[in-house]
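input_12.tsv (TSV, C-alpha atoms)
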chain	number	residue	atom	x	y	z
X	1	MET	CA	-5.86	-13.91	6.52
X	2	ALA	CA	-2.43	-15.33	5.73
X	3	ALA	CA	0.30	-14.73	8.29
X	4	GLU	CA	2.40	-11.63	7.72
X	5	LYS	CA	6.00	-12.32	6.84
X	6	ILE	CA	7.91	-9.16	7.65
X	7	ALA	CA	11.21	-8.12	6.05
X	8	ILE	CA	13.43	-5.24	7.09
X	9	LEU	CA	15.13	-3.06	4.49
X	10	VAL	CA	17.73	-0.59	5.66
X	11	ASP	CA	19.99	1.90	3.88
X	12	SER	CA	23.73	1.46	4.36
X	13	CYS	CA	24.11	4.87	6.06
X	14	SER	CA	22.15	3.51	9.02
X	15	ASP	CA	25.28	1.65	10.14
X	16	VAL	CA	23.59	-1.48	11.53
X	17	PRO	CA	26.59	-3.55	12.75
X	18	SER	CA	27.20	-6.26	10.13
X	19	ASP	CA	26.77	-9.18	12.54
X	20	VAL	CA	23.35	-7.83	13.58
X	21	LEU	CA	22.39	-7.13	9.96
X	22	HIS	CA	23.12	-10.73	8.91
X	23	ALA	CA	21.59	-12.33	12.01
X	24	ALA	CA	18.30	-10.49	11.39
X	25	ASP	CA	18.47	-11.20	7.63
X	26	MET	CA	18.01	-7.51	6.79
X	27	ALA	CA	18.06	-6.34	3.17
X	28	LEU	CA	20.57	-3.57	2.49
X	29	ALA	CA	20.09	-0.64	0.09
X	30	PRO	CA	23.65	0.61	-0.46
X	31	MET	CA	24.41	4.29	-0.82
X	32	ASN	CA	26.80	5.21	-3.63
X	33	VAL	CA	30.28	6.48	-2.84
X	34	ILE	CA	31.82	8.33	-5.75
X	35	PHE	CA	35.55	8.68	-6.37
X	36	ARG	CA	37.06	10.10	-9.56
X	37	ASP	CA	37.48	6.75	-11.28
X	38	ARG	CA	34.32	4.90	-10.30
X	39	VAL	CA	31.16	4.62	-8.24
X	40	TYR	CA	31.32	2.18	-5.34
X	41	GLU	CA	28.42	0.63	-3.47
X	42	ASP	CA	28.72	1.47	0.19
X	43	ARG	CA	29.76	-1.58	2.25
X	44	ILE	CA	29.34	-3.87	-0.79
X	45	THR	CA	32.10	-2.97	-3.23
X	46	ILE	CA	34.10	-0.83	-0.80
X	47	THR	CA	34.83	-1.45	2.87
X	48	PRO	CA	35.17	1.33	5.45
X	49	ALA	CA	38.92	0.64	5.75
X	50	GLU	CA	39.50	0.88	1.97
X	51	PHE	CA	37.34	3.97	1.80
X	52	TYR	CA	39.26	5.96	4.43
X	53	ARG	CA	42.55	4.94	2.83
X	54	ARG	CA	41.40	6.46	-0.48
X	55	GLN	CA	39.75	9.48	1.11
X	56	ALA	CA	43.15	10.53	2.50
X	57	LEU	CA	44.33	10.86	-1.11
X	58	GLU	CA	41.32	12.30	-2.94
X	59	PRO	CA	37.87	13.73	-2.19
X	60	ALA	CA	34.74	11.62	-2.50
X	61	SER	CA	31.04	12.38	-2.79
X	62	THR	CA	27.87	10.38	-2.22
X	63	ALA	CA	24.53	9.65	-3.85
X	64	SER	CA	21.40	7.91	-2.60
X	65	PRO	CA	20.86	4.25	-3.50
X	66	THR	CA	19.73	4.03	-7.12
X	67	GLY	CA	16.08	3.31	-7.80
X	68	LYS	CA	17.27	0.14	-9.50
X	69	ARG	CA	18.93	-1.08	-6.31
X	70	ILE	CA	15.84	-0.38	-4.18
X	71	ILE	CA	13.59	-2.17	-6.69
X	72	GLU	CA	16.01	-5.14	-6.75
X	73	ALA	CA	15.93	-5.28	-2.95
X	74	LEU	CA	12.11	-5.24	-2.91
X	75	ASP	CA	11.96	-7.90	-5.64
X	76	GLN	CA	14.38	-10.08	-3.72
X	77	ILE	CA	12.31	-9.63	-0.54
X	78	GLN	CA	9.18	-10.66	-2.42
X	79	ALA	CA	10.91	-13.65	-4.03
X	80	SER	CA	11.92	-14.81	-0.54
X	81	GLY	CA	8.26	-15.05	0.42
X	82	TYR	CA	7.88	-11.89	2.49
X	83	THR	CA	4.59	-9.97	2.39
X	84	HIS	CA	5.44	-6.85	4.40
X	85	VAL	CA	8.47	-4.55	4.58
X	86	ILE	CA	9.60	-2.08	7.21
X	87	ALA	CA	12.08	0.18	5.42
X	88	ILE	CA	14.44	2.28	7.52
X	89	SER	CA	16.00	5.43	6.10
X	90	ILE	CA	18.32	8.09	7.43
X	91	SER	CA	16.90	11.59	7.80
X	92	ALA	CA	14.95	12.83	4.79
X	93	LYS	CA	16.66	16.20	5.39
X	94	LEU	CA	20.10	14.65	4.79
X	95	SER	CA	19.40	12.32	1.86
X	96	GLY	CA	16.88	11.61	-0.89
X	97	THR	CA	16.69	7.95	0.17
X	98	TYR	CA	13.47	8.28	2.17
X	99	GLN	CA	11.55	9.87	-0.74
X	100	GLU	CA	13.00	7.36	-3.20
X	101	MET	CA	12.00	4.38	-1.04
X	102	LYS	CA	8.53	5.81	-0.48
X	103	LEU	CA	7.98	6.41	-4.18
X	104	LEU	CA	9.15	2.97	-5.29
X	105	ALA	CA	7.24	1.21	-2.50
X	106	GLU	CA	3.97	2.50	-3.99
X	107	ASP	CA	4.53	0.34	-7.07
X	108	SER	CA	5.43	-2.77	-5.09
X	109	PRO	CA	2.91	-5.57	-4.44
X	110	LEU	CA	4.39	-5.73	-0.93
X	111	THR	CA	2.94	-3.75	1.97
X	112	VAL	CA	5.73	-1.28	2.75
X	113	HIS	CA	6.07	1.31	5.49
X	114	VAL	CA	9.09	3.64	5.21
X	115	ILE	CA	10.36	5.20	8.42
X	116	ASN	CA	12.12	8.56	8.27
X	117	THR	CA	14.32	8.22	11.36
X	118	ARG	CA	15.27	11.93	11.30
X	119	SER	CA	18.68	10.66	12.32
X	120	VAL	CA	21.79	9.22	10.72
X	121	GLY	CA	24.28	6.43	11.29
X	122	ILE	CA	23.54	4.17	14.23
X	123	GLY	CA	20.88	6.67	15.39
X	124	SER	CA	18.94	5.48	12.35
X	125	GLY	CA	20.19	1.88	12.53
X	126	PHE	CA	18.67	1.45	15.98
X	127	ALA	CA	15.21	1.62	14.35
X	128	ALA	CA	16.05	-1.36	12.12
X	129	ILE	CA	17.51	-3.37	15.01
X	130	TYR	CA	14.42	-2.71	17.14
X	131	ALA	CA	12.05	-3.59	14.27
X	132	ALA	CA	13.82	-6.97	13.93
X	133	GLN	CA	13.55	-7.63	17.67
X	134	LEU	CA	9.82	-6.83	17.70
X	135	ARG	CA	9.26	-9.03	14.66
X	136	ASP	CA	10.98	-11.91	16.48
X	137	GLN	CA	8.69	-11.31	19.46
X	138	GLY	CA	5.72	-11.92	17.15
X	139	LEU	CA	4.24	-8.42	16.96
X	140	THR	CA	2.09	-7.58	13.94
X	141	PHE	CA	3.26	-5.27	11.17
X	142	ASP	CA	1.09	-2.38	12.42
X	143	GLN	CA	2.26	-2.85	16.01
X	144	ILE	CA	5.91	-2.84	14.95
X	145	VAL	CA	5.47	0.30	12.84
X	146	ALA	CA	3.79	2.19	15.70
X	147	GLU	CA	6.35	1.10	18.29
X	148	VAL	CA	9.40	1.79	16.08
X	149	GLU	CA	8.04	5.26	15.21
X	150	ARG	CA	7.53	5.97	18.93
X	151	VAL	CA	11.02	4.88	19.97
X	152	THR	CA	12.70	6.54	16.97
X	153	ALA	CA	11.44	9.89	18.25
X	154	GLN	CA	13.37	9.34	21.50
X	155	THR	CA	16.61	8.01	20.01
X	156	LYS	CA	19.62	10.33	20.03
X	157	VAL	CA	22.93	10.25	18.20
X	158	PHE	CA	26.10	12.22	18.94
X	159	PHE	CA	29.14	12.42	16.67
X	160	TYR	CA	32.52	13.67	17.75
X	161	VAL	CA	34.10	14.93	14.53
X	162	PRO	CA	37.86	15.60	14.81
X	163	SER	CA	37.88	17.84	11.72
X	164	LEU	CA	35.22	20.07	10.15
X	165	LYS	CA	36.98	19.97	6.79
X	166	TYR	CA	34.82	17.22	5.29
X	167	LEU	CA	31.48	18.54	6.55
X	168	GLN	CA	32.31	21.92	5.05
X	169	ALA	CA	33.46	20.43	1.73
X	170	GLY	CA	30.41	18.18	1.48
X	171	GLY	CA	27.94	21.01	1.90
X	172	ARG	CA	25.96	18.85	4.35
X	173	ILE	CA	26.92	20.98	7.24
X	174	GLY	CA	23.56	22.66	7.86
X	175	ARG	CA	23.81	24.79	10.98
X	176	VAL	CA	27.39	23.68	11.60
X	177	ALA	CA	28.48	26.06	8.85
X	178	GLY	CA	29.34	29.02	11.09
X	179	MET	CA	31.91	27.06	13.03
X	180	ALA	CA	35.21	28.40	11.78
X	181	GLY	CA	37.00	27.33	14.92
X	182	THR	CA	38.97	24.49	13.36
X	183	LEU	CA	42.28	26.30	13.90
X	184	LEU	CA	41.65	26.70	17.61
X	185	ASN	CA	41.44	22.98	18.32
X	186	VAL	CA	37.67	23.26	18.75
X	187	LYS	CA	36.09	19.82	18.51
X	188	PRO	CA	32.43	19.90	17.60
X	189	ILE	CA	29.92	17.31	18.72
X	190	ILE	CA	27.20	17.05	16.12
X	191	SER	CA	23.69	15.72	16.55
X	192	CYS	CA	20.43	15.72	14.59
X	193	ASP	CA	17.62	18.04	15.66
X	194	ASP	CA	13.91	17.10	15.76
X	195	GLN	CA	13.68	17.69	12.01
X	196	GLY	CA	16.68	15.53	11.28
X	197	VAL	CA	19.15	18.31	10.43
X	198	TYR	CA	22.78	18.30	11.63
X	199	TYR	CA	23.61	20.88	14.26
X	200	PRO	CA	26.48	21.42	16.71
X	201	ILE	CA	25.13	20.36	20.10
X	202	ALA	CA	28.44	21.24	21.75
X	203	LYS	CA	31.78	22.84	20.92
X	204	VAL	CA	34.65	21.81	23.14
X	205	ARG	CA	38.35	22.56	23.07
X	206	GLY	CA	40.59	19.49	23.00
X	207	GLU	CA	39.80	15.80	22.82
X	208	LYS	CA	39.81	15.03	26.54
X	209	LYS	CA	37.12	17.61	27.33
X	210	THR	CA	35.18	16.49	24.27
X	211	LEU	CA	34.98	12.92	25.55
X	212	LYS	CA	33.76	14.16	28.93
X	213	LYS	CA	31.12	16.24	27.14
X	214	LEU	CA	30.03	13.14	25.21
X	215	MET	CA	29.49	11.35	28.54
X	216	ASP	CA	27.38	14.32	29.75
X	217	LEU	CA	25.25	14.24	26.59
X	218	VAL	CA	24.62	10.51	27.01
X	219	ALA	CA	23.57	11.13	30.61
X	220	GLN	CA	21.09	13.81	29.45
X	221	ALA	CA	19.72	11.53	26.72
X	222	ILE	CA	19.16	8.70	29.22
X	223	GLY	CA	17.67	10.93	31.92
X	224	THR	CA	15.52	8.78	34.21
X	225	ALA	CA	14.95	6.04	31.63
X	226	THR	CA	15.42	2.45	32.78
X	227	LYS	CA	15.26	0.66	29.42
X	228	VAL	CA	18.13	1.83	27.26
X	229	ASN	CA	20.35	0.49	24.45
X	230	ILE	CA	23.68	2.10	23.57
X	231	ALA	CA	25.93	1.81	20.52
X	232	VAL	CA	29.42	3.17	19.91
X	233	VAL	CA	30.71	3.37	16.34
X	234	ASP	CA	33.91	4.70	14.80
X	235	GLY	CA	35.47	5.86	11.54
X	236	VAL	CA	38.85	4.09	11.71
X	237	ASN	CA	39.35	5.00	15.35
X	238	PRO	CA	38.95	1.60	17.09
X	239	THR	CA	41.08	2.50	20.12
X	240	LEU	CA	38.94	5.50	21.00
X	241	ARG	CA	35.76	3.54	20.30
X	242	GLU	CA	36.86	0.86	22.78
X	243	GLU	CA	37.77	3.50	25.37
X	244	MET	CA	34.34	5.14	25.08
X	245	LEU	CA	32.61	1.77	25.21
X	246	GLN	CA	34.39	0.85	28.46
X	247	ARG	CA	33.68	4.25	30.04
X	248	LEU	CA	29.99	3.98	29.16
X	249	LYS	CA	29.72	0.38	30.36
X	250	ALA	CA	31.22	1.38	33.71
X	251	ALA	CA	28.77	4.29	34.00
X	252	TYR	CA	25.64	2.43	32.84
X	253	PRO	CA	25.63	-1.20	33.98
X	254	GLN	CA	21.83	-1.25	33.56
X	255	VAL	CA	21.94	-0.88	29.73
X	256	LEU	CA	20.01	-3.72	28.05
X	257	GLN	CA	22.02	-4.07	24.83
X	258	TRP	CA	25.43	-2.80	23.78
X	259	TYR	CA	26.45	-2.49	20.14
X	260	ALA	CA	29.74	-1.58	18.47
X	261	GLY	CA	30.43	-1.08	14.78
X	262	ASP	CA	32.00	1.07	12.13
X	263	VAL	CA	30.78	4.15	10.32
X	264	SER	CA	29.79	3.60	6.70
X	265	PRO	CA	31.91	5.09	3.91
X	266	ALA	CA	28.86	7.10	2.76
X	267	LEU	CA	28.78	8.84	6.12
X	268	GLY	CA	32.58	9.05	6.26
X	269	VAL	CA	32.53	11.18	3.08
X	270	HIS	CA	31.02	13.98	5.18
X	271	THR	CA	32.81	13.41	8.48
X	272	GLY	CA	36.28	12.20	7.55
X	273	PRO	CA	38.34	9.71	9.54
X	274	GLY	CA	38.60	9.54	13.31
X	275	LEU	CA	35.02	10.19	14.29
X	276	ILE	CA	33.22	8.49	17.16
X	277	GLY	CA	29.45	8.14	17.17
X	278	ILE	CA	27.27	7.24	20.13
X	279	GLY	CA	23.66	6.21	19.75
X	280	VAL	CA	21.25	6.16	22.70
X	281	GLN	CA	17.92	4.39	22.24
X	282	VAL	CA	15.41	4.96	25.03
X	283	LEU	CA	12.62	2.38	25.09
X	284	ASP	CA	10.54	3.53	28.07

Please express what this file holds, its structure, as structure tokens.
Amino acid sequence: MAAEKIAILVDSCSDVPSDVLHAADMALAPMNVIFRDRVYEDRITITPAEFYRRQALEPASTASPTGKRIIEALDQIQASGYTHVIAISISAKLSGTYQEMKLLAEDSPLTVHVINTRSVGIGSGFAAIYAAQLRDQGLTFDQIVAEVERVTAQTKVFFYVPSLKYLQAGGRIGRVAGMAGTLLNVKPIISCDDQGVYYPIAKVRGEKKTLKKLMDLVAQAIGTATKVNIAVVDGVNPTLREEMLQRLKAAYPQVLQWYAGDVSPALGVHTGPGLIGIGVQVLD
């Protein structure tokens, strides 16, 4: 049997930090970000900074990567000599990307396994990063799939969203809908449940208490685990991202890998500027 050559395909909403994405030679399926005048490809024809600048002036919406883009990515992967693909998608409950990838993979000559991370942002991106690490360690395709599925089930993501305005407008709010407390300075922390649906894991008044609550949630997610990776991402809020990163590093010197990055425009459509996301990946 010929050696497996394994590629990793990831959607742009999984927020794999760009340096990690390039180093692991991952293929990117860009979400579409739609403004009045045109459709942009997430992270390809619009950067997070440009996106938030425009979002302040007019509303945006999103759409899954087009079938054409996914087919192009698979064709490119095949042309580069790969035989197998691990495709990473944000929660099937939040986007049609998972179904689309699964459907198109059936027609591909490549062996493709699509992972529904039941998460979003870096919570989903962690699966792609881990798959790349396991590939580099020489695991087989089947071993990588099994291990990434196992760890994905114990990966958590928490988003501090300064304003509920965008989640409400985007209709992606799921069980966050009943939170009318925006006037009272209530800051929600949103996570994904076991099914991959957004829900408010905490509601805190004021930013200072919210950041403390984020630290508590990270502590709960880590529990007694000894092998942990942590990522902190932001939507044009680099100062707060850095502050959270330093607080977490001081609290968890045992963390194996730290990651920092920005939140994709496609996610920013639903969360607005200012958010901070923390991903906790438990390996043991």

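Across X:Asp142, X:Asp37, X:Asp107, X:Asp262, the tightest approach to X:Gly67 is made by X:Asp107 when counting all atoms listed in the file.
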
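Selecting by distance to (31.1, -4.7, 15.5) with a limit of 8 Å and using all atoms listed in the file, one obtains Pro17, Ser18, Asp19, Tyr259, Ala260, Gly261 and Asp262 of chain X.
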
For the residues selected in the previous step, produce a file with C-alpha atoms as a PDB file, in the coordinates of the input.
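Produced file selection_27.pdb, reproduced below:
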ATOM      1  CA  PRO X  17      26.590  -3.550  12.750  1.00  0.00           C
ATOM      2  CA  SER X  18      27.200  -6.260  10.130  1.00  0.00           C
ATOM      3  CA  ASP X  19      26.770  -9.180  12.540  1.00  0.00           C
ATOM      4  CA  TYR X 259      26.450  -2.490  20.140  1.00  0.00           C
ATOM      5  CA  ALA X 260      29.740  -1.580  18.470  1.00  0.00           C
ATOM      6  CA  GLY X 261      30.430  -1.080  14.780  1.00  0.00           C
ATOM      7  CA  ASP X 262      32.000   1.070  12.130  1.00  0.00           C
TER       8      ASP X 262
END

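Within 10 Å of the point (39.2, 11.2, 8.2), and counting all atoms listed in the file, the protein, DNA and RNA residues are X:Phe51, X:Tyr52, X:Arg53, X:Gln55, X:Ala56, X:Val161, X:Pro162, X:Ser163, X:Leu164, X:Lys165, X:Tyr166, X:Gly235, X:Val236, X:Asn237, X:Gly268, X:Val269, X:His270, X:Thr271, X:Gly272, X:Pro273, X:Gly274, X:Leu275.
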
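Closest approach to X:Leu134 from the set X:Val148, X:Arg241, X:Gly196, X:Ile222 is made by X:Val148, with distances taken over all atoms listed in the file.
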
Requested in this report: May I have the residues within 10 Å of X:Asp136 as a PyMOL selection string, using only C-alpha atoms and disregarding those fewer than 6 positions away in the same chain?
Outcome: chain X and resi 6+24+130

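When all atoms listed in the file are used to measure the gap to X:Asp193, the shortest distance among X:Gln281, X:Ser61, X:Gln133, X:Gln154 belongs to X:Gln154.
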
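Here atom CA of X:Cys13 stands at a distance of 26.5 Å from atom CA of X:Lys212.
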
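Distances to X:Ala221 were evaluated for X:Gln168, X:Thr155, X:Ser264, X:Thr239 using only C-alpha atoms, and the minimum falls at X:Thr155.
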
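Proximity of X:Val20, X:Leu104, X:Ile88, X:Leu139 to X:Glu72, computed with all atoms listed in the file, is greatest for X:Leu104.
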
Query raised in the report: Neighbours of X:Ile90 within 7 Å (all atoms listed in the file; same-chain residues fewer than 6 positions away dropped), as an MDAnalysis selection string?
Result: chainID X and resid 13:14 116:120 124

Report summary line: The residue from X:Ala29, X:Ile8, X:Ile44, X:Leu94 with the smallest atom-to-atom distance to X:Thr111, counting only C-alpha atoms, is X:Ile8

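Rounded to one decimal, atom CA of X:Glu147 and atom CA of X:Pro65 lie 26.4 Å from each other.
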
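Interatomic distance, atom CA of X:Thr62 to atom CA of X:Phe159: 19.0 Å.
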
Query - Residue neighbourhood X:Val39, 12 Å, only C-alpha atoms, exclusion window fewer than 6 positions, as number ranges by chain - result: X: 30-33, 45-46, 51, 60-66, 266

Requested in this report: Show which residues sit within 10 Å of X:Gln254, as a count of residues only. Count all atoms listed in the file, and ignore same-chain residues fewer than 5 positions away.
Outcome: 5

Axis-aligned box for stretch 112-117 of chain X, 5 Å per side, centre and edges in Å as JSON:
{"center_x": 10.0, "center_y": 3.6, "center_z": 7.1, "size_x": 18.6, "size_y": 19.8, "size_z": 18.6}

Please complete stretch 123-136 of chain X so it has N, CA, C and O atoms, and hand it over as a compact mmCIF listing (two decimals), keeping the file's coordinate frame.
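For reference, part_22.txt as written:
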# COMPACT_ATOMS: atom_id res chain seq x y z
N GLY X 123 22.13 6.07 14.90
CA GLY X 123 20.88 6.67 15.39
C GLY X 123 19.70 6.21 14.56
O GLY X 123 18.59 6.01 15.05
N SER X 124 19.95 6.00 13.26
CA SER X 124 18.94 5.48 12.35
C SER X 124 18.91 3.94 12.42
O SER X 124 17.85 3.32 12.42
N GLY X 125 20.09 3.34 12.49
CA GLY X 125 20.19 1.88 12.53
C GLY X 125 19.45 1.25 13.69
O GLY X 125 18.92 0.13 13.58
N PHE X 126 19.39 1.96 14.81
CA PHE X 126 18.67 1.45 15.98
C PHE X 126 17.22 1.10 15.64
O PHE X 126 16.65 0.16 16.19
N ALA X 127 16.61 1.87 14.73
CA ALA X 127 15.21 1.62 14.35
C ALA X 127 15.09 0.25 13.67
O ALA X 127 14.14 -0.50 13.92
N ALA X 128 16.07 -0.07 12.82
CA ALA X 128 16.05 -1.36 12.12
C ALA X 128 16.28 -2.52 13.09
O ALA X 128 15.61 -3.56 13.01
N ILE X 129 17.21 -2.32 14.02
CA ILE X 129 17.51 -3.37 15.01
C ILE X 129 16.27 -3.64 15.86
O ILE X 129 15.90 -4.80 16.12
N TYR X 130 15.61 -2.58 16.28
CA TYR X 130 14.42 -2.71 17.14
C TYR X 130 13.28 -3.38 16.37
O TYR X 130 12.58 -4.25 16.90
N ALA X 131 13.11 -2.98 15.10
CA ALA X 131 12.05 -3.59 14.27
C ALA X 131 12.26 -5.11 14.18
O ALA X 131 11.31 -5.89 14.29
N ALA X 132 13.52 -5.53 14.02
CA ALA X 132 13.82 -6.97 13.93
C ALA X 132 13.51 -7.68 15.25
O ALA X 132 12.97 -8.80 15.25
N GLN X 133 13.82 -7.02 16.36
CA GLN X 133 13.55 -7.63 17.67
C GLN X 133 12.04 -7.80 17.88
O GLN X 133 11.59 -8.84 18.36
N LEU X 134 11.28 -6.77 17.52
CA LEU X 134 9.82 -6.83 17.70
C LEU X 134 9.20 -7.89 16.79
O LEU X 134 8.26 -8.59 17.18
N ARG X 135 9.74 -8.00 15.58
CA ARG X 135 9.26 -9.03 14.66
C ARG X 135 9.48 -10.42 15.27
O ARG X 135 8.61 -11.28 15.24
N ASP X 136 10.67 -10.61 15.87
CA ASP X 136 10.98 -11.91 16.48
C ASP X 136 10.12 -12.19 17.70
O ASP X 136 9.93 -13.35 18.08
